[in-house]
Protein chains: 2
Amino acid sequence: MAAMIGGGVDGPSLRILPLGGVGEIGKNMTLFEYGDDIVVIDCGLKFPDEEMFGIDLVVPDVTYLRQRRDKVRAFLITHAHEDHVGGLPYVLPEFPGVPVYASTLARGLLGVKIKEHKLYDNPLHALEPGQEVRIGAMSATGFRIGHSIPDAMGIALRTPLGTIVHTGDFKFDHTPVDAKPSDFHVLARLGEEGVLCLLSDSTRAENPGYTPSERTVGEAFREIMEGLEGRVIVATFASNIARVQQVFDAASTFGRKVAVIGRSMEQNTRIASELGYLHYPADGVVSKDRIRDVPDGQLCIATTGAQGEPMAGLARMANRDHRWVEVGPGDTVIVSASPIPGNEEYVARTIDNLFKNGANVYYHTIKRAHVSGHGSQEELKLMLNLTRPKYFIPVHGEFRMLVQHGRVAAETGVEPENIFIIENGQPIDFQSNGTARRGPSVEAGYVLVDGLSVGEVGDVVLRDRRALASDGMFLVVVTVDRQTGNMVRRPEIVTHGFVTDASDPLIAAAADRIARSIENPGDHISEIGLLKTQIKEGLSQYLYEQTRRRPMVFPVIVEV
Amino acid sequence: MAAMIGGGVDGPSLRILPLGGVGEIGKNMTLFEYGDDIVVIDCGLKFPDEEMFGIDLVVPDVTYLRQRRDKVRAFLITHAHEDHVGGLPYVLPEFPGVPVYASTLARGLLGVKIKEHKLYDNPLHALEPGQEVRIGAMSATGFRIGHSIPDAMGIALRTPLGTIVHTGDFKFDHTPVDAKPSDFHVLARLGEEGVLCLLSDSTRAENPGYTPSERTVGEAFREIMEGLEGRVIVATFASNIARVQQVFDAASTFGRKVAVIGRSMEQNTRIASELGYLHYPADGVVSKDRIRDVPDGQLCIATTGAQGEPMAGLARMANRDHRWVEVGPGDTVIVSASPIPGNEEYVARTIDNLFKNGANVYYHTIKRAHVSGHGSQEELKLMLNLTRPKYFIPVHGEFRMLVQHGRVAAETGVEPENIFIIENGQPIDFQSNGTARRGPSVEAGYVLVDGLSVGEVGDVVLRDRRALASDGMFLVVVTVDRQTGNMVRRPEIVTHGFVTDASDPLIAAAADRIARSIENPGDHISEIGLLKTQIKEGLSQYLYEQTRRRPMVFPVIVEV
């Protein structure tokens with residue numbers, strides 16, 4: 001068991017500790033620890049950097065939580081995007097019995113994950129906007145905020161030392177598609193009562209002004225669709241139910257039926273529709289296997305792949321290897337998303353392929369058929385002025401975004417010394433006398449998920465993959481006589497990712513060189529390890545001199 | 001020898017053939033073939049995609065030129081950026097004696113390349129803006145255009161079938177830093193005389209409006225520097241001499257000395273200064289080894305690495321492993337560039353590191369201290385309206401940019417059927433009767449440069465590197481008795497990029513499995529190839545079942 005952290009003059013202290021999402025985009029996870037109680041907000045994943053070769057997912061390192069397993073009381077979910085819930089399947093099994101709280105739509109979407117990963121040991125409870133739940137010495141209230149998914153919430157956490165407000169991902173959309181604006185009054189009341197600390201979304205802290213309303217996207221859809229005679233294909237995020245709603249609305253304006261195509265989008269729209277978060281007329285929809293019966297001018301297809309992901313709907317339609325839809329002349333494609341950093345090249349390739357097939361394409365640089373789900377600077381200032389926090393911790397963003405958000409907070413009047421620009425694993429400890437300070441950092445890196453393994457692939461494996469990716473490999477099998485140390489036959493060489501042709505003279509030259517070095521009389525090595533090192537170093541140097549490349553060299557010695 | 005292409009009713013046809021830069025950014029190269037004469041404009045390189053593991057550079061495939069070696073008369077260079085000249089060291093050696101034409105600064109910068117690669121077999125001749133040279137049946141005139149390097153040119157190529165205008169990279173900057181605006185009058189005269197075909201830069205064809213003048217960057221520098229007490233560090237492209245000039249000018253306004261740090265930038269500024277393209281007072285400069293003698297408030301450092309390149313000046317200063325400069329609190333850094341697609345993550349990481357070290361950073365999202373060297377839509381329209389071409393080929397851009405540029409051309413009045421949106425290797429043939437049509441495509445891919453090898457690394461090698469990068473490798477050495485086919489000892493397994501720990505039970509289990517499959521009586525295989533296939537398939541399947549990963553499996557059979 002861990003010792004009690006800190007401890008003020010007259011009671012335990014309150015620790016806020018981000019384990020993800022701070023100094024990075026993705027795998028959001030923050031924990032709140034007071035005395036014997038720990039509450040966790042969100043547990044997301046992120047997709048790997050391009051240097052994490054072969055890795056499928058990255059989830060937070062929960063060593064700190066594992067060491068305090070008995071104190072963990074609840075996981076609170078702000079909304080069911082993967083960067084907020086995707087880590088649950090890898091983390092929950094370590095905390096059996098600990099309940100998960102989420103709003104209706106989030107619970108619906110989590111249901112799929114629960115079934116797929118058999119997460120039946122953690123009860124799933126309701127926490128709707130406006131609802132309050134008691135959790136140990138703390139209590140949590142959900143409040144509605146705008147985001148690119150319905151029913152997204154922030155959390156007000158009342159603790160014995162004061163109230164903490166965690167915004168989740170948010171924007172202030174005054175005209176949201178579901179006509180349910182953010183809970184301005186709840187935030188104002190919290191501000192009046194006094195907020196000890198605000199943790200706020202920094203994703204767009206670099207952007208001045210306001211993020212436009214989601215409703216403007218529907219207007220753009222209508223402008224594009226007006227008068228078109230061919231098919232319309234709209235690609236967006238599978239989880240953006242509001243966006244799919246707008247596709248239905250715009251299509252219905254022009255008498256088009258909508259076909260939803262793409263496993264995750266079909267699943268999400270089905271769940272959202274069942275739970276009452278998506279509305280369309282019964283004859284406004286057509287199943288994907290019937291789209292050939294609908295005239296082009298009366299068809300609208302909603303699909304995934306707006307980030308150019310090679311296996312998703314849009315990229316396959318663009319490559320003409322999609323089962324139901326091949327994009328061609330006469331089609332109009334709307335890419336309703338901005339490329340997420342790292343996806344730019346995928347998106348560019350997909351758009352180029354669509355054009356090459358003769359389609360007309362509307363995309364982020366050409367026509368604004370997308371708005372962000374995150375608030376810009378003026379919205380961040382409004383959040384700060386409504387809640388009027390004593391302390392401020394910018395979260396959800398890369399380091400430079402946190403810095404900019406910190407500046408925004410200072411402009412609205414938060415004392416600069418009360419603004420903590422921190423990274424994952426850096427705790428902030430609040431004392432009962434109202435002061436706060438940085439605690440010593442805790443372990444909070446990342447855990448790599450590769451195929452079925454979680455955390456098994458570490459830095460050594462990644463380093464090897466990087467080396468293999470850069471210059472390939474060069475394998476040498478040397479067979480030596482156990483007694484004499486003499487080489488019994490010519491070294492065998494296998495190479496991949498280095499030269500195309502096994503008959504390349506370099507291969508023969510390398511074999512000769514190894515053979516000569518071993519045959520050199522008086523240099524017989526009976527010690528296998530030393531022989532391996534000699535071959536490896538000699539060959540690496542030779543190959544580098546000849547090619548300026550450094551393949552991984554693997555010597556294998558077989559004794560006979 | 002190749003047969004004569006096309007051939008109209010009364011004379012040879014004119015072929016325009018891009019070998020690079022069309023449907024992609026980078027490695028620009030276009031050839032113009034009339035009868036027995038071929039003129040080449042530019043010969044660039046591009047940096048590899050992220051999927052081209054371990055590749056250093058990509059240069060154009062010049063198979064077509066090689067097959068017509070005797071016809072190649074000249075390489076004309078529009079300006080000395082790497083995407084226009086970087087392919088020369090790999091291409092020129094195949095064309096000894098063929099002259100290279102370039103303007104003064106370009107010749108100065110090419111001198112370094114010539115020395116480094118010993119390209120002494122190709123004479124380097126002057127082609128200044130306004131100058132005309134006769135090349136076989138054609139003649140070329142350079143005209144001045146604005147770009148992010150002084151003395152950049154477009155080329156007007158007079159052929160027996162009409163005049164071709166190739167813009168090179170351009171913008172129309174009415175207030176350039178060197179006070180030498182584009183040759184508007186030359187372009188207007190060409191338009192009056194009649195232009196058969198315009199090839200024009202499409203890099204910013206997606207952007208409406210005008211690209212701001214380079215001069216606005218100098219104003220931003222002054223706004224940022226005003227009143228600062230610490231050091232100022234400006235990172236930009238080493239070749240952007242105009243930008244470096246503006247650093248000198250702004251620094252001098254506030255009494256700061258400039259230190260230029262970074263091999264390529266030091267080299268370029270030295271050459272530009274010697275040739276009269278860079279001006280500063282003798283006491284306005286300080287050498288890098290003396291910067292510690294200059295008070296912080298009187299120092300300005302110009303360096304490379306604005307694209308976050310890990311080995312360049314800025315990234316090393318941010319990582320505090322630079323020999324002369326470590327960035328820290330009090331420093332102000334200006335990243336005077338926008339991230340080139342593909343570099344976004346490098347740039348983000350560098351900016352984050354600078355902030356973590358306590359510096360204040362101005363970068364593309366926060367403060368416009370950079371403008372593009374390429375014209376936006378209104379400038380493209382002006383180029384079209386000045387030259388009034390009959391035919392139009394958008395060049396220098398990804399496919400979608402070419403499509404947008406084609407739309408812009410149609411808006412200005414070029415007949416839609418006279419606009420050719422093409423890719424590398426797609427020739428357009430002009431007949432003597434004034435018509436033009438697409439010819440059959442020619443070989444025009446890319447050649448990969450990896451270390452010392454040019455073109456040796458092909459798709460097979462890249463595919464292997466990708467596979468190795470994704471899941472690593474699994475090497476099995478099986479020693480069998482040549483007579484009986486029996487396994488002599490337990491299989492030896494070497495794995496990299498797969499599991500961290502050689503003692504992983506999976507390794508032992510795999511070895512057992514191989515051993516059992518071979519020991520199975522009645523299943524002795526004397527045919528090595530078949531045994532290899534069996535081991536490879538069986539083991540791949542087993543590893544996939546156990547881990548959902550697919551390492552490359554290499555069986556090695558040693559017979560004793």
# chains A, B, ... in the order shown; residues from 1 in each chain; ligands from 1
$ residues_around --residues "Ile25 of chain B" --least-positions-apart "3" --cutoff "6 Å" --atoms "only C-alpha atoms" --output "VMD selection string"
chain B and resid 21 396 to 398
$ write_last_selection --atoms "all heavy atoms" --output "compact mmCIF listing (two decimals), in the first residue's frame"
# COMPACT_ATOMS: atom_id res chain seq x y z
N GLY B 21 7.68 16.27 -60.55
CA GLY B 21 7.03 17.51 -60.12
C GLY B 21 5.59 17.67 -60.55
O GLY B 21 4.96 18.67 -60.24
N HIS B 396 4.26 21.43 -60.93
CA HIS B 396 4.68 21.71 -59.55
C HIS B 396 3.52 21.60 -58.57
O HIS B 396 3.09 22.60 -57.99
CB HIS B 396 5.26 23.12 -59.40
CG HIS B 396 6.52 23.34 -60.17
ND1 HIS B 396 7.18 24.51 -60.15
CD2 HIS B 396 7.24 22.53 -60.97
CE1 HIS B 396 8.24 24.43 -60.93
NE2 HIS B 396 8.29 23.22 -61.44
N GLY B 397 3.00 20.41 -58.37
CA GLY B 397 1.95 20.30 -57.37
C GLY B 397 1.39 18.90 -57.32
O GLY B 397 1.54 18.12 -58.27
N GLU B 398 0.73 18.58 -56.21
CA GLU B 398 0.04 17.31 -56.12
C GLU B 398 -1.19 17.36 -57.02
O GLU B 398 -1.62 18.43 -57.43
CB GLU B 398 -0.32 17.03 -54.66
CG GLU B 398 0.94 16.95 -53.81
CD GLU B 398 0.69 16.37 -52.43
OE1 GLU B 398 -0.23 15.55 -52.27
OE2 GLU B 398 1.42 16.76 -51.50
$ residues_around --residues "segment 293-300 of chain A" --least-positions-apart "4" --cutoff "6 Å" --atoms "only C-alpha atoms" --output "MDAnalysis selection string"
chainID A and resid 229:233 256:258
$ select_by_dssp --residues "segment 478-554 of chain A" --states "helix (DSSP H, G or I)" --output "MDAnalysis selection string"
chainID A and resid 505:519 528:547
$ residues_around --residues "segment 183-195 of chain A" --least-positions-apart "6" --cutoff "8 Å" --atoms "only C-alpha atoms" --output "PyMOL selection string"
chain A and resi 143-145+162-165+383+386-390
$ write_last_selection --atoms "N, CA, C and O atoms" --output "compact mmCIF listing (two decimals), in the first residue's frame"
# COMPACT_ATOMS: atom_id res chain seq x y z
N PHE A 143 -21.95 18.13 -16.19
CA PHE A 143 -22.64 19.27 -16.82
C PHE A 143 -22.46 19.16 -18.32
O PHE A 143 -21.45 18.66 -18.80
N ARG A 144 -23.48 19.59 -19.05
CA ARG A 144 -23.46 19.46 -20.50
C ARG A 144 -22.52 20.48 -21.13
O ARG A 144 -22.54 21.66 -20.76
N ILE A 145 -21.70 20.05 -22.07
CA ILE A 145 -20.89 20.98 -22.87
C ILE A 145 -21.04 20.56 -24.34
O ILE A 145 -21.43 19.44 -24.64
N GLY A 162 -12.38 21.82 -1.87
CA GLY A 162 -12.92 22.77 -2.85
C GLY A 162 -13.38 22.04 -4.10
O GLY A 162 -13.22 20.83 -4.23
N THR A 163 -13.95 22.82 -5.01
CA THR A 163 -14.51 22.23 -6.22
C THR A 163 -13.51 22.28 -7.37
O THR A 163 -12.88 23.30 -7.61
N ILE A 164 -13.39 21.13 -8.04
CA ILE A 164 -12.55 21.05 -9.24
C ILE A 164 -13.48 20.96 -10.44
O ILE A 164 -14.43 20.18 -10.43
N VAL A 165 -13.22 21.74 -11.49
CA VAL A 165 -14.00 21.63 -12.72
C VAL A 165 -13.10 21.09 -13.83
O VAL A 165 -12.03 21.64 -14.09
N MET A 383 -14.99 30.19 -20.59
CA MET A 383 -14.96 29.14 -19.58
C MET A 383 -14.24 29.63 -18.32
O MET A 383 -14.69 29.42 -17.20
N LEU A 386 -16.44 32.28 -16.54
CA LEU A 386 -17.61 31.71 -15.87
C LEU A 386 -17.20 31.01 -14.58
O LEU A 386 -17.84 31.16 -13.54
N THR A 387 -16.13 30.24 -14.63
CA THR A 387 -15.77 29.41 -13.47
C THR A 387 -14.87 30.16 -12.48
O THR A 387 -14.79 29.78 -11.32
N ARG A 388 -14.16 31.17 -12.94
CA ARG A 388 -13.29 32.00 -12.08
C ARG A 388 -12.43 31.17 -11.13
O ARG A 388 -12.49 31.33 -9.90
N PRO A 389 -11.62 30.26 -11.66
CA PRO A 389 -10.86 29.36 -10.78
C PRO A 389 -9.69 30.06 -10.10
O PRO A 389 -9.13 31.01 -10.65
N LYS A 390 -9.34 29.57 -8.90
CA LYS A 390 -8.13 30.08 -8.24
C LYS A 390 -6.89 29.52 -8.93
O LYS A 390 -5.94 30.23 -9.17
$ residues_around --residues "Glu423 of chain A" --least-positions-apart "6" --cutoff "8 Å" --atoms "only C-alpha atoms" --output "compact mmCIF listing (two decimals) with all heavy atoms, in the first residue's frame"
# COMPACT_ATOMS: atom_id res chain seq x y z
N PRO A 18 -2.43 13.99 -13.90
CA PRO A 18 -2.75 13.50 -15.26
C PRO A 18 -1.82 12.34 -15.63
O PRO A 18 -0.61 12.43 -15.46
CB PRO A 18 -2.48 14.72 -16.15
CG PRO A 18 -1.52 15.57 -15.40
CD PRO A 18 -1.62 15.22 -13.93
N VAL A 22 -1.76 15.27 -21.41
CA VAL A 22 -1.16 16.55 -21.03
C VAL A 22 0.25 16.59 -21.60
O VAL A 22 1.12 15.82 -21.20
CB VAL A 22 -1.15 16.73 -19.50
CG1 VAL A 22 -0.54 18.08 -19.13
CG2 VAL A 22 -2.57 16.62 -18.98
N GLY A 23 0.46 17.47 -22.56
CA GLY A 23 1.71 17.49 -23.31
C GLY A 23 1.61 16.60 -24.54
O GLY A 23 2.57 16.38 -25.25
N PHE A 399 2.41 20.42 -25.66
CA PHE A 399 2.97 21.35 -24.69
C PHE A 399 2.77 22.81 -25.10
O PHE A 399 2.39 23.66 -24.28
CB PHE A 399 4.46 21.05 -24.47
CG PHE A 399 5.01 21.67 -23.23
CD1 PHE A 399 4.87 21.04 -22.01
CD2 PHE A 399 5.65 22.89 -23.26
CE1 PHE A 399 5.37 21.60 -20.84
CE2 PHE A 399 6.15 23.47 -22.11
CZ PHE A 399 6.01 22.82 -20.90
$ atom_distance --atom1 "atom CA of Thr435 of chain A" --atom2 "atom CA of Pro160 of chain A"
13.9 Å
$ residues_around --residues "His147 of chain B" --least-positions-apart "5" --cutoff "8 Å" --atoms "only C-alpha atoms" --output "PyMOL selection string"
chain B and resi 152+169-171+373-374
$ write_last_selection --atoms "N, CA, C and O atoms" --output "PDB file, in the first residue's frame"
ATOM      1  N   ALA B 152      15.609  34.191 -59.197  1.00  0.00           N
ATOM      2  CA  ALA B 152      14.839  33.063 -59.719  1.00  0.00           C
ATOM      3  C   ALA B 152      14.262  33.461 -61.077  1.00  0.00           C
ATOM      4  O   ALA B 152      13.909  34.621 -61.301  1.00  0.00           O
ATOM      5  N   ASP B 169       9.213  28.137 -60.147  1.00  0.00           N
ATOM      6  CA  ASP B 169       8.458  28.476 -58.930  1.00  0.00           C
ATOM      7  C   ASP B 169       8.311  29.987 -58.903  1.00  0.00           C
ATOM      8  O   ASP B 169       9.294  30.707 -59.078  1.00  0.00           O
ATOM      9  N   PHE B 170       7.109  30.489 -58.655  1.00  0.00           N
ATOM     10  CA  PHE B 170       6.993  31.954 -58.690  1.00  0.00           C
ATOM     11  C   PHE B 170       5.875  32.486 -57.805  1.00  0.00           C
ATOM     12  O   PHE B 170       4.929  31.799 -57.457  1.00  0.00           O
ATOM     13  N   LYS B 171       6.047  33.763 -57.435  1.00  0.00           N
ATOM     14  CA  LYS B 171       4.972  34.588 -56.911  1.00  0.00           C
ATOM     15  C   LYS B 171       5.175  35.975 -57.528  1.00  0.00           C
ATOM     16  O   LYS B 171       6.261  36.264 -58.050  1.00  0.00           O
ATOM     17  N   GLY B 373       6.756  31.348 -50.908  1.00  0.00           N
ATOM     18  CA  GLY B 373       7.422  31.832 -52.117  1.00  0.00           C
ATOM     19  C   GLY B 373       6.626  31.522 -53.372  1.00  0.00           C
ATOM     20  O   GLY B 373       7.113  31.722 -54.486  1.00  0.00           O
ATOM     21  N   HIS B 374       5.403  30.988 -53.175  1.00  0.00           N
ATOM     22  CA  HIS B 374       4.574  30.588 -54.323  1.00  0.00           C
ATOM     23  C   HIS B 374       3.311  31.440 -54.382  1.00  0.00           C
ATOM     24  O   HIS B 374       2.711  31.745 -53.361  1.00  0.00           O
TER      25      HIS B 374
END
$ select_by_dssp --residues "segment 15-62 of chain B" --states "strand (DSSP E)" --output "ChimeraX atom specification"
/B:15-20,22-23,29-34,37-41,57-60
$ atom_distance --atom1 "atom CA of Arg107 of chain B" --atom2 "atom CA of Val247 of chain B"
24.1 Å
$ residues_around --residues "Ser376 of chain B" --least-positions-apart "2" --cutoff "10 Å" --atoms "only C-alpha atoms" --output "count of residues only"
23
$ atom_distance --atom1 "atom CA of Ala238 of chain B" --atom2 "atom CA of Pro150 of chain B"
12.9 Å
$ closest_residue --among "B:Thr236, B:Arg438, B:Ile422, B:Thr216" --to "His174 of chain B" --atoms "only C-alpha atoms"
B:Thr216
$ closest_residue --among "A:Asp37, A:Asp178, A:Asp352, A:Asp61" --to "chain B" --atoms "only C-alpha atoms"
A:Asp352
